[in-house]
Structures are given as C-alpha cells and as structure tokens.
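Colleague: The structure's right below; bear with me while I get my questions together.
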2 protein chains.
Amino acid sequence: MKIGEIAKLSGFSKDTLRYYEKIGLISTNKKLRTENNYRVYDDHILKQLNQIKTLKASGFTLNEIKDLMALNEVDLVTCLHVTTLVDEKLVKLTQQISRLTQIKENLIKLKTTCTGKCLETLQEI
Amino acid sequence: MKIGEIAKLSGFSKDTLRYYEKIGLISTNKKLRTENNYRVYDDHILKQLNQIKTLKASGFTLNEIKDLMALNEVDLVTCLHVTTLVDEKLVKLTQQISRLTQIKENLIKLKTTCTGKCLETLQEI
DNA sequence: TTAAGGGTTGGAGTATAGTCCAATGTCAAG
DNA sequence: CTTGACATTGGACTATACTCCAACCCTTAA
C-alpha cells in the first residue's frame, strides 16, 4: 500500500505519516520504496498506527510512544530489560493517573461549590 | 509591589508574568507604572495568579483561562458558562483516566507473560 | 498529448507556552 | 562614582506536533 491509502485507512494525514517516519516513530528500517521512490507499507503499519493513536489519546507524547514501541522490538533474550522499561512506564502511568484523578476531584469540587463568583472557589482548592 | 516580588510570591518567572500580560491574561487595564516605567502590582494579582495556577494544573490552556477570567469579570449572577467549560474538561479527564487505567492493567498483565512482543496487547484497548 | 491525481523533497509556517538575551535605564550603598 | 541589583524592551530561540507549500517526478485515462 502507498501513503495515500494508509492515510485514509489510519486517519493520519500523509504529512503526519511522513513526519512520524522522520522522527523515527514508524519504521523506516527496511527502507521500502518502489522503483519511483514511493513509500510502501503493509498491514503491520496499520496495527502500529492504531497503537500510536491509542497511546496519543492516552496522553503520551510522541517520544514516550517511541519508547513504548521500542519495547515491542525487543526480543526474548533481553526480556529482563523489557520488564525494567515496563516498570518505569508503570511508575509514570501511576503518577499520571493519580495526578489526573486529583485534578478531576478539584474540578468536581469547584463545580459543586460554584454559586456566584465561581473562580473565587479556586482559592480553597 | 514590583515584578520581582510578585515573581517570588507567585512562583511564576518575571518573563512569564510579562508574557501573561502580553497575551492579555493578567490585567494591564490600569497601565500602572512607576515614574521610571516599572510595573506595579497589588495583592489582587496574587489571587488571580493562584487562580491561573490552579486552572493550568487542571489542564486548561491559557486561552481557556483567559475566557474563564473574562466570564468571572462580566457574569456576576450565573456560572453557567463556567460549569459548561468545567464539564467539558471533566469528560476529557474521565476518558483519559480510564484509558490510562486500562493501559496500566494491560502492562501489568503483559509484564507477567512477557515474551517479547509486549505491545501486541494494545490492540484490544 | 495533456491533464488529473498520485507520489517525492526541503523548508517555512502555525500554535502553545514559555525562556533567554542584549542593550539599556534606575536606584541605593560603599 | 562605581558596583550590584533591580527594572525595561524587542527579538530570537526552545520544544511539541504538526501543516502547508513549491517544485518536481510518475502513471493512467481521455
């Protein structure tokens, strides 16, 4: 498949796909091109792009996603290394979740105590 | 008070305070300056800066905060607009938290059964 | 043959939210 | 009178994540 089709199927623009390749987020490892220098993709990339979409929607930066994708490339031999990286990611995830939960509680509190000058309540949060 | 003191008391840098003034986030309305063109602030600004800090920590952009501040100035009676904005932010937060929680559970699961291709599990998220 | 519709590149521009810097002005103390 | 610690400005620069553009190449159908 060429870039236009992948763009349609994935929901990412062609420019975004080229940008992701440029920053090393999606695999250029095989340097697959047609004779006329067109990028060629297979089904695998759609799976990968869906992962990226999910992770992006979850608040990961492209750099973090790159790290996570790298975990996927590592094989059995270095499994110990993988679990270490996963553990690090889990710590970050836990922090992020508790931070977001705190923010959510703050906003709910703000909403319920909001009567007139809403932002005044922000002082007490 | 001059900008340096406000910077210390608020936790925002002098550059950031000047930037906030430039984008109209904090009030330049009175154009208060000393004879030698130094900015002058009173206690009010610290309250405002605390509101900004809270809203920023809640994931609002500076533009959104600007809107919220403006509403607070104008709308003495109802906070309908404010609660609408807060509700929108709450929906996003809730979605983000549940996605992160799912990913966290997933990572925990695949940590125990890690055979290399760890991120495959993300397909089902 | 030519026009439409794909693809390529490098580079510039956008938005957000600052941060840093140089040149310059002001002020109080030693 | 000079030094240090404040302040001012405009403009350049950072990072993230794109988005657009010009100029060009390739293919196919009328």
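Convention: chains lettered A, B, ... in structure tokens order; per-chain residue numbering from 1; ligands numbered from 1 as shown.
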Which residues come within 12 Å of Gln95 (chain A), counting only C-alpha atoms (C1' of nucleotides), excluding same-chain residues fewer than 5 positions away, as a VMD selection string?

Modeller: (chain A and resid 88 to 90 100 to 102) or (chain B and resid 97 100 to 101 104)

Colleague: Env of region 2-13 of chain D: 10 Å cut, atoms = only C-alpha atoms (C1' of nucleotides), seq-sep filter 3 positions within chain, self excluded. Answer as a ChimeraX atom specification.

Modeller: /B:2-4,36-39 /C:19-30

Colleague: Between C1' of DG7 (chain C) and C1' of DC26 (chain D), what is the spacing in Å?

Modeller: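 Between C1' of DC26 (chain D) and C1' of DG7 (chain C) the gap is 7.4 Å.
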
Colleague: When you get a sec, could you note down which chain D residues fall within 9 Å of chain A, using only C-alpha atoms (C1' of nucleotides), as an MDAnalysis selection string?

Modeller: chainID D and resid 16:19 25:26

Colleague: For a test of reading the model, state the distance in Å between CA of Lys66 (chain A) and CA of Leu25 (chain A), rounded to one decimal.

Modeller: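 Going from CA of Lys66 (chain A) over to CA of Leu25 (chain A) covers 5.4 Å.
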
Colleague: Counting only C-alpha atoms (C1' of nucleotides), a student should be able to say which residues of chain C come within 12 Å of chain A; what is the right answer, written as a count of residues only?

Modeller: 5

Colleague: Can you measure CA of Leu49 (chain A) to CA of Val91 (chain B) for me? One decimal in Å is fine.

Modeller: 24.8 Å

Colleague: Considering only C-alpha atoms, can you say which of B:His44, B:Lys109, B:Lys56, B:Arg99 comes closest to chain A?

Modeller: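 Checking each candidate against chain A, we get B:Arg99 as the closest.
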